[in-house]
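Colleague: Here it is: the structure, laid out below.
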Amino acid sequence: MSIVLNTSEAPAWRTRARQLAAPEFVTPAILLAPSILLLVVVVAYPMIQGLFFSFTDGSLMKAGKWVGIDNYTKLLSSPAFYHSLRFSAIFAVCNIVGCYLLGLGLALLLQKDMPGRGVFRVLLLLPWIVPSLVSIVSWRWMIADEGALFNQIIKLFGGSPIYFLSDSTWAVIVVILIKIWRSFPFMMLSLLAALQSIDRSLYEAAAIDGATRWQSFWNVTLPQIKNISIVLCLLMTIWTVNDFDTPWLLAQGGPANATENLVVLAYRFTFARNDVGMGSATSFITLFVLMTLVFFLLRWQRRS
């Protein structure tokens, strides 16, 4: 009895090997290899090393021993962590809302044909263009103490000086407002580009149906910029939670840790307390929180 083998169909692994050896795959792989290697060296390796450090009790001077999840347990039972998490959430929400409302309002204004529109666009981009060190130190000089510029203006109108960076409430307000001032140009520029891409015929159809300006804005403008708005809010959330410059350069996370976000807390653990394990654990919990938020926002965007 003879057995006839069917050679018309090659094994799956052989088919896959032929696909990988095809010129249309080899050429892109060769071109992408330097970028992939760079990402592995610059991003992947430091992340893996940082994750390993989060399970040790090492310091900046010496490598520590393996302690498992002790750092995460101590961090999740620390009041300082929940204070930083709460401030990070307030900081992010206020910045996103403030930047979006201000950016959208200015984008709608700059979309109109008015004299000096180009000049206004350039001036409104300055807070985003100026280096953070220069802008934040300048703000600190204007609000730091009794003799600062803002307090001199308050005195001219008969008011009492406000110690913006010595009072916890004022410090939080100031840090949030300055962050909004630094961030809104990006939101404005992106929303302006989105507004200019909307088909004008949609507004003409709404006008024919008797829609008011507010109805056109609510039923035409907002739905058309919804997806880009979600992406912008997502990016702004990531940048705000990871913002070290604003709370640190203004108030070093103070007073009484009132403006200490998760990034500043990680910095304190690592460099002030010389505890690399706790600093790494804080960073990776921050990363986990952001990844969870990104996951739900992207799912919401797909469903909408």
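Each chain in the structure tokens gets a letter, A, B and so on, in the order shown; residues start at 1 in every chain, and ligands are counted from 1 in the order they appear.
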Excluding A:Leu125 and residues on its chain fewer than 2 positions from it, collect all residues at most 12 Å away from it, counting only C-alpha atoms, and give them as number ranges by chain.
Modeller: A: 103, 106-107, 118-123, 127-130, 181-190
Colleague: Residues within 12 Å of stretch 38-55 of chain A, please, as a VMD selection string. Count only C-alpha atoms; anything in the same chain fewer than 3 positions from it doesn't count.
Modeller: chain A and resid 32 to 35 58 to 60 62 to 75 266 269 to 270 275 to 285 287 to 288
Colleague: What lies within 10 Å of A:Pro255 using only C-alpha atoms, ignoring chain neighbours under 6 positions off, as number ranges by chain?
Modeller: A: 165-172
Colleague: Would you save the residues of that selection, restricted to C-alpha atoms, as a compact mmCIF listing (two decimals), in the first residue's frame?
Modeller:
# COMPACT_ATOMS: atom_id res chain seq x y z
CA LEU A 165 4.49 80.57 47.78
CA SER A 166 4.28 80.43 51.59
CA ASP A 167 0.57 79.65 51.89
CA SER A 168 -0.47 76.14 50.86
CA THR A 169 -3.74 77.16 49.19
CA TRP A 170 -2.20 80.01 47.25
CA ALA A 171 0.75 77.84 46.25
CA VAL A 172 -1.54 75.20 44.73
Colleague: When you look at stretch 218-235 of chain A with a cut-off of 8 Å (counting only C-alpha atoms), what residues show up, excluding the ones that are within fewer than 5 positions of it in the same chain? I need them as a list in words.
Modeller: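 The neighbour list is Ile96, Tyr100, Met187, Ser190, Leu191, Ala194, Leu195, Ile198, Leu202, Tyr203, Val294, Leu297 and Gln301 of chain A.
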Colleague: Report as a tab-separated table the residues of stretch 187-301 of chain A within 12 Å of stretch 140-151 of chain A, each with its shortest atom pair and distance in Å (one decimal), using only C-alpha atoms, ordered by chain and increasing residue number.
Modeller:
residue	atom	partner	partner_atom	distance
A:Thr246	CA	A:Arg140	CA	10.3
A:Pro247	CA	A:Arg140	CA	11.0
A:Trp248	CA	A:Arg140	CA	11.1
A:Leu249	CA	A:Arg140	CA	8.1
A:Leu250	CA	A:Arg140	CA	5.9
A:Ala251	CA	A:Arg140	CA	8.5
A:Gln252	CA	A:Arg140	CA	11.5
Colleague: Residues of stretch 149-292 of chain A in alpha helix (DSSP H) according to DSSP, as a ChimeraX atom specification?
Modeller: /A:149-156,168-196,200-208,213-216,222-224,226-241,245-251,262-267,276-292
Colleague: Could you state the separation of atom CA of A:Leu108 and atom CA of A:Gln196 in Å, given to one decimal place?
Modeller: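 About the pair atom CA of A:Leu108 and atom CA of A:Gln196: they are 9.7 Å apart.
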